Amino acid sequence: MADADPPRAAPSTRVAPSTQVGTPPPGTSLGDKLSASVGIIAAMVLAVLVNVLVARHYKRWDWTQGGLYTLSDATLSTLRSLEEPIRVYVLLSSDDPLTLSVRHLLDAYRAETTRIEVEVTDPDRRPAEFLAVQQRYGVVAGKTEDGRIVTDAAIIVARGDRPHFLTASDLVEVEDEDDLRSRPRLEQALTGAIRSVLRSERPRVCFASGHGEKSIEAGGADGLAALRDRLHKNNYEAVELGGGHDHDHGEGDAAPQAAAPEADLDRCRVLVLAEPSQPVPPDDVARYRAFVEEGGSALIALGPVPDESDQRYVDLGLSGLLAVAGVDVRSDFVFELDPRLRSTQGFGETFSPVVRPHPITEGLVRAADQGLGPVLTVASSLAPTRRGPVAPVPLLVTSDQAFGMVDFFGWARDPSEPRPREGDHPGPLTIAYAAELPKPGGSTAAHGPRVVVISSPSALYGANWQSPELRGTAVFVESALSWLAASPPMLDIPDKPAFTAGLRLSEDALAGIFRYVVVYMPLAAAFLGLAVHLSRRSTERRPPAKGGPGAAAGRGPGEAERGEAPR
């Protein structure tokens with residue numbers, strides 16, 4: 001019998017004196033205590049300063065797709081010009097899908113001004129507060145079958161006792177009911193409501209008629225109804241003035257209209273002369289000029305008008321009115337040859353002019369890198385007369401490659417790629433001017449009369465408000481009218497991108513989902529588990545290979561079988 005191994009000595013467990021249990025750590029010096037206290041106080045002071053700095057310089061970042069909570073220039077100018085509190089009542093239940101978006105947007109509004117007061121009243125959870133709002137503003141409410149309260153107003157924007165009601169349909173525009181695609185309109189609705197309660201008067205914009213102009217009731221891509229609607233939505237009053245000639249209402253309306261009384265024109269803030277196609281009588285020109293010289297403003301949009309023989313342009317007789325602004329219209333036809341500015345279709349008669357700095361074009365200049373710019377079709381060139389009371393300021397100009405073709409009718413008989421000839425007007429050419437005249441004697445207005453002249457009537461066409469590609473032209477016209485009326489910029493907020501708000505499932509689709517969830521997916525999981533189980537069993541039954549992990553390394557066969565006796 002083999003002798004037992006001698007007992008082995010236990011390892012030493014002696015602990016150094018400095019680390020033995022019960023020995024107190026060395027004491028902390030007074031300098032260390034003061035240093036720690038100063039560090040704590042400094043951290044507290046730094047935290048307070050950071051909070052004060054953040055409170056004074058509030059900043060939000062919008063990482064949503066399409067910038068849902070990024071405010072437009074029109075909204076920012078509206079909020080920063082508020083002089084009295086505006087109260088916003090949100091009457092949406094907490095489980096309404098719009099509630100969170102409305103709250104985030106109102107947070108962005110309050111980050112720009114302290115005069116926006118928000119009160120969120122859940123009709124289901126705070127019925128007493130909702131009842132008070134209901135009685136004050138006459139909100140109509142009812143209950144659904146599941147007990148939820150529904151109202152005819154989702155948001156109320158109020159200035160004192162003057163409310164503006166917004167419904168759910170004002171906040172979201174459904175584009176496709178089949179695909180459930182919707183487009184948020186929260187900012188348009190809220191900013192429009194704020195402007196609505198702020199405005200105490202409606203500036204009157206008067207459209208001259210009787211000289212072949214289109215009616216403001218005419219719709220379509222080349223009508224003025226879209227411009228009229230935009231004016232109404234921005235709290236302007238759009239009316240038509242009478243004239244001495246036939247009105248261009250269409251066939252069957254050839255009865256002459258009597259001239260409107262001068263008192264009607266005196267009540268106008270802005271006179272719009274939109275694409276006259278017949279000569280304007282001297283009496284009307286004199287009346288329009290007197291209106292401007294006495295403090296009114298005017299927007300004149302005219303272009304080349306061929307006569308009945310297609311041999312020359314019609315003399316509209318507006319030189320006396322244009323002279324007030326120091327501008328004259330040339331008898332030519334503008335072609336833009338710069339491929340960066342001209343349209344790919346046509347000969348260059350449709351082009352995007354270069355925007356010059358002016359209060360009217362501030363928004364377009366800032367948005368130039370985003371591709372937002374006016375687009376005009378068929379224009380003549382303008383030239384300063386140097387005889388007016390002030391020097392006009394160019395707003396829209398062509399490139400230096402453009403030219404004004406004088407003999408347009410000769411070219412039109414055999415049209416080809418236009419090239420400048422001797423006698424044509426070389427570029428750059430001015431397409432729009434603005435002029436601000438001195439204030440009349442005794443006037444208490446903040447500024448003198450203002451005039452904007454555009455030598456392309458396409459700027460006023462309805463297509464500019466119907467096509468996103470032409471929105472830059474609509475912005476230019478609306479900014480010009482706001483400048484002429486001395487009113488805040490019109491509410492032009494870009495549309496947010498549409499998104500799918502839900503999922504519409506048919507009976508067949510539901511049956512297919514049921515089969516996948518209840519049958520196919522469990523069967524697939526079962527087959528996968530069975531395959532894993534069989535794979536593991538086959539591995540367990542396989543004998544280990546010699547020299548592999550199961551064999552004892554460095555031993556003979558006998559030792560491997562006997563093993564090593566425990567010590």
# chains A, B, ... in the order shown; residues from 1 in each chain; ligands from 1
call {"tool": "residues_around", "arguments": {"residues": "Glu237 of chain A", "least_positions_apart": "6", "cutoff": "9 Å", "atoms": "only C-alpha atoms", "output": "PyMOL selection string"}}
result
chain A and resi 202-206+228+231
call {"tool": "select_by_dssp", "arguments": {"residues": "segment 247-402 of chain A", "states": "strand (DSSP E or B)", "output": "number ranges by chain"}}
result
A: 248, 270-274, 297-301, 306, 313, 327-329, 333-335, 342, 350-351, 354-355, 376-377, 382-384, 393-397
call {"tool": "residues_around", "arguments": {"residues": "segment 109-123 of chain A", "least_positions_apart": "4", "cutoff": "6 Å", "atoms": "only C-alpha atoms", "output": "mmCIF file with C-alpha atoms, in the first residue's frame"}}
result
data_model
loop_
_atom_site.group_PDB
_atom_site.id
_atom_site.type_symbol
_atom_site.label_atom_id
_atom_site.label_comp_id
_atom_site.auth_asym_id
_atom_site.auth_seq_id
_atom_site.Cartn_x
_atom_site.Cartn_y
_atom_site.Cartn_z
ATOM 1 C CA PRO A 85 -51.787 88.243 -24.934
ATOM 2 C CA ILE A 86 -53.337 85.583 -27.140
ATOM 3 C CA ARG A 87 -55.005 82.662 -25.362
ATOM 4 C CA VAL A 88 -55.138 79.249 -27.011
ATOM 5 C CA TYR A 89 -57.622 76.665 -25.704
ATOM 6 C CA VAL A 90 -56.854 73.088 -26.758
ATOM 7 C CA LEU A 91 -60.045 71.021 -26.485
ATOM 8 C CA LEU A 92 -58.594 67.671 -27.520
ATOM 9 C CA SER A 93 -58.722 64.565 -25.373
ATOM 10 C CA PRO A 127 -65.333 68.460 -17.497
ATOM 11 C CA PHE A 130 -64.466 72.412 -20.352
#
call {"tool": "closest_residue", "arguments": {"among": "A:Phe347, A:Phe291, A:Trp465, A:Tyr137", "to": "Arg269 of chain A", "atoms": "only C-alpha atoms"}}
result
A:Phe291
call {"tool": "atom_distance", "arguments": {"atom1": "atom CA of Arg356 of chain A", "atom2": "atom CA of Ser467 of chain A"}}
result
23.7 Å
call {"tool": "closest_residue", "arguments": {"among": "A:Pro163, A:Gly326, A:Pro374, A:Gly220", "to": "Thr350 of chain A", "atoms": "only C-alpha atoms"}}
result
A:Pro374
call {"tool": "residues_around", "arguments": {"residues": "Leu241 of chain A", "least_positions_apart": "5", "cutoff": "7 Å", "atoms": "only C-alpha atoms", "output": "number ranges by chain"}}
result
A: 206-209, 260
call {"tool": "closest_residue", "arguments": {"among": "A:Leu382, A:Ala42, A:Ala274, A:Ile194", "to": "Thr78 of chain A", "atoms": "only C-alpha atoms"}}
result
A:Ile194
call {"tool": "atom_distance", "arguments": {"atom1": "atom CA of Val133 of chain A", "atom2": "atom CA of Leu198 of chain A"}}
result
20.4 Å
call {"tool": "closest_residue", "arguments": {"among": "A:Val239, A:Leu106, A:Leu337, A:Ala367", "to": "Pro428 of chain A", "atoms": "only C-alpha atoms"}}
result
A:Leu337
call {"tool": "atom_distance", "arguments": {"atom1": "atom CA of Ala193 of chain A", "atom2": "atom CA of Ser81 of chain A"}}
result
14.8 Å
call {"tool": "residues_around", "arguments": {"residues": "Val305 of chain A", "least_positions_apart": "2", "cutoff": "12 Å", "atoms": "only C-alpha atoms", "output": "ChimeraX atom specification"}}
result
/A:212-213,275-279,302-303,307-316,329-333,378-380,408-409,455-457
call {"tool": "residues_around", "arguments": {"residues": "segment 479-485 of chain A", "least_positions_apart": "2", "cutoff": "9 Å", "atoms": "only C-alpha atoms", "output": "PyMOL selection string"}}
result
chain A and resi 203-205+269-270+296-299+359-363+434+449-452+474-477+487-490
call {"tool": "write_last_selection", "arguments": {"atoms": "N, CA and C atoms", "output": "mmCIF file, in the first residue's frame"}}
result
data_model
loop_
_atom_site.group_PDB
_atom_site.id
_atom_site.type_symbol
_atom_site.label_atom_id
_atom_site.label_comp_id
_atom_site.auth_asym_id
_atom_site.auth_seq_id
_atom_site.Cartn_x
_atom_site.Cartn_y
_atom_site.Cartn_z
ATOM 1 N N PRO A 203 -58.059 95.544 -44.910
ATOM 2 C CA PRO A 203 -57.656 96.424 -46.014
ATOM 3 C C PRO A 203 -58.367 96.014 -47.301
ATOM 4 N N ARG A 204 -58.825 97.002 -48.027
ATOM 5 C CA ARG A 204 -59.552 96.748 -49.262
ATOM 6 C C ARG A 204 -58.595 96.796 -50.451
ATOM 7 N N VAL A 205 -58.583 95.729 -51.218
ATOM 8 C CA VAL A 205 -57.809 95.640 -52.448
ATOM 9 C C VAL A 205 -58.799 95.704 -53.602
ATOM 10 N N ARG A 269 -57.319 100.484 -50.241
ATOM 11 C CA ARG A 269 -55.946 100.587 -49.765
ATOM 12 C C ARG A 269 -54.972 100.348 -50.913
ATOM 13 N N VAL A 270 -55.299 99.401 -51.790
ATOM 14 C CA VAL A 270 -54.429 99.057 -52.916
ATOM 15 C C VAL A 270 -55.282 98.936 -54.175
ATOM 16 N N GLY A 296 -52.610 106.566 -52.059
ATOM 17 C CA GLY A 296 -52.912 105.165 -52.303
ATOM 18 C C GLY A 296 -51.730 104.419 -52.902
ATOM 19 N N SER A 297 -51.841 103.113 -52.952
ATOM 20 C CA SER A 297 -50.801 102.257 -53.530
ATOM 21 C C SER A 297 -51.394 101.472 -54.690
ATOM 22 N N ALA A 298 -50.530 101.030 -55.586
ATOM 23 C CA ALA A 298 -51.007 100.363 -56.802
ATOM 24 C C ALA A 298 -50.073 99.237 -57.189
ATOM 25 N N LEU A 299 -50.673 98.138 -57.667
ATOM 26 C CA LEU A 299 -49.958 97.017 -58.280
ATOM 27 C C LEU A 299 -50.401 96.945 -59.730
ATOM 28 N N PRO A 359 -37.436 94.899 -49.430
ATOM 29 C CA PRO A 359 -38.355 94.343 -48.427
ATOM 30 C C PRO A 359 -39.362 93.355 -49.002
ATOM 31 N N ILE A 360 -39.739 93.527 -50.266
ATOM 32 C CA ILE A 360 -40.688 92.592 -50.886
ATOM 33 C C ILE A 360 -40.052 91.227 -51.088
ATOM 34 N N THR A 361 -38.787 91.193 -51.403
ATOM 35 C CA THR A 361 -38.137 89.952 -51.813
ATOM 36 C C THR A 361 -37.268 89.342 -50.714
ATOM 37 N N GLU A 362 -37.394 89.798 -49.482
ATOM 38 C CA GLU A 362 -36.539 89.272 -48.409
ATOM 39 C C GLU A 362 -36.685 87.759 -48.277
ATOM 40 N N GLY A 363 -37.931 87.283 -48.243
ATOM 41 C CA GLY A 363 -38.147 85.849 -48.090
ATOM 42 C C GLY A 363 -37.603 85.048 -49.252
ATOM 43 N N ALA A 434 -40.203 98.539 -58.030
ATOM 44 C CA ALA A 434 -40.960 99.056 -56.886
ATOM 45 C C ALA A 434 -40.522 100.480 -56.631
ATOM 46 N N PRO A 449 -47.033 106.960 -50.856
ATOM 47 C CA PRO A 449 -47.648 106.014 -51.795
ATOM 48 C C PRO A 449 -46.610 105.050 -52.354
ATOM 49 N N ARG A 450 -47.054 103.819 -52.605
ATOM 50 C CA ARG A 450 -46.158 102.784 -53.110
ATOM 51 C C ARG A 450 -46.729 102.201 -54.395
ATOM 52 N N VAL A 451 -45.831 101.881 -55.322
ATOM 53 C CA VAL A 451 -46.229 101.327 -56.617
ATOM 54 C C VAL A 451 -45.301 100.171 -56.949
ATOM 55 N N VAL A 452 -45.876 99.071 -57.430
ATOM 56 C CA VAL A 452 -45.130 97.928 -57.935
ATOM 57 C C VAL A 452 -45.614 97.676 -59.355
ATOM 58 N N ALA A 474 -46.133 83.041 -56.265
ATOM 59 C CA ALA A 474 -47.196 83.405 -55.326
ATOM 60 C C ALA A 474 -46.632 84.155 -54.129
ATOM 61 N N VAL A 475 -45.483 83.711 -53.620
ATOM 62 C CA VAL A 475 -44.853 84.404 -52.496
ATOM 63 C C VAL A 475 -44.484 85.831 -52.888
ATOM 64 N N PHE A 476 -43.977 86.011 -54.103
ATOM 65 C CA PHE A 476 -43.600 87.351 -54.553
ATOM 66 C C PHE A 476 -44.817 88.266 -54.625
ATOM 67 N N VAL A 477 -45.911 87.795 -55.210
ATOM 68 C CA VAL A 477 -47.110 88.627 -55.345
ATOM 69 C C VAL A 477 -47.694 88.949 -53.968
ATOM 70 N N SER A 487 -49.111 96.003 -44.530
ATOM 71 C CA SER A 487 -49.634 94.998 -43.617
ATOM 72 C C SER A 487 -48.570 93.945 -43.372
ATOM 73 N N PRO A 488 -48.737 93.111 -42.335
ATOM 74 C CA PRO A 488 -47.783 92.015 -42.127
ATOM 75 C C PRO A 488 -47.755 91.106 -43.330
ATOM 76 N N PRO A 489 -46.645 90.410 -43.545
ATOM 77 C CA PRO A 489 -46.568 89.501 -44.700
ATOM 78 C C PRO A 489 -47.709 88.507 -44.699
ATOM 79 N N MET A 490 -48.218 88.215 -45.896
ATOM 80 C CA MET A 490 -49.308 87.251 -45.989
ATOM 81 C C MET A 490 -48.849 85.886 -45.493
#
call {"tool": "select_by_dssp", "arguments": {"residues": "segment 328-450 of chain A", "states": "helix (DSSP H, G or I)", "output": "ChimeraX atom specification"}}
result
/A:359-366,368-370,408-413
call {"tool": "residues_around", "arguments": {"residues": "Asp328 of chain A", "least_positions_apart": "3", "cutoff": "9 Å", "atoms": "only C-alpha atoms", "output": "number ranges by chain"}}
result
A: 318-319, 322-323, 325, 381-385
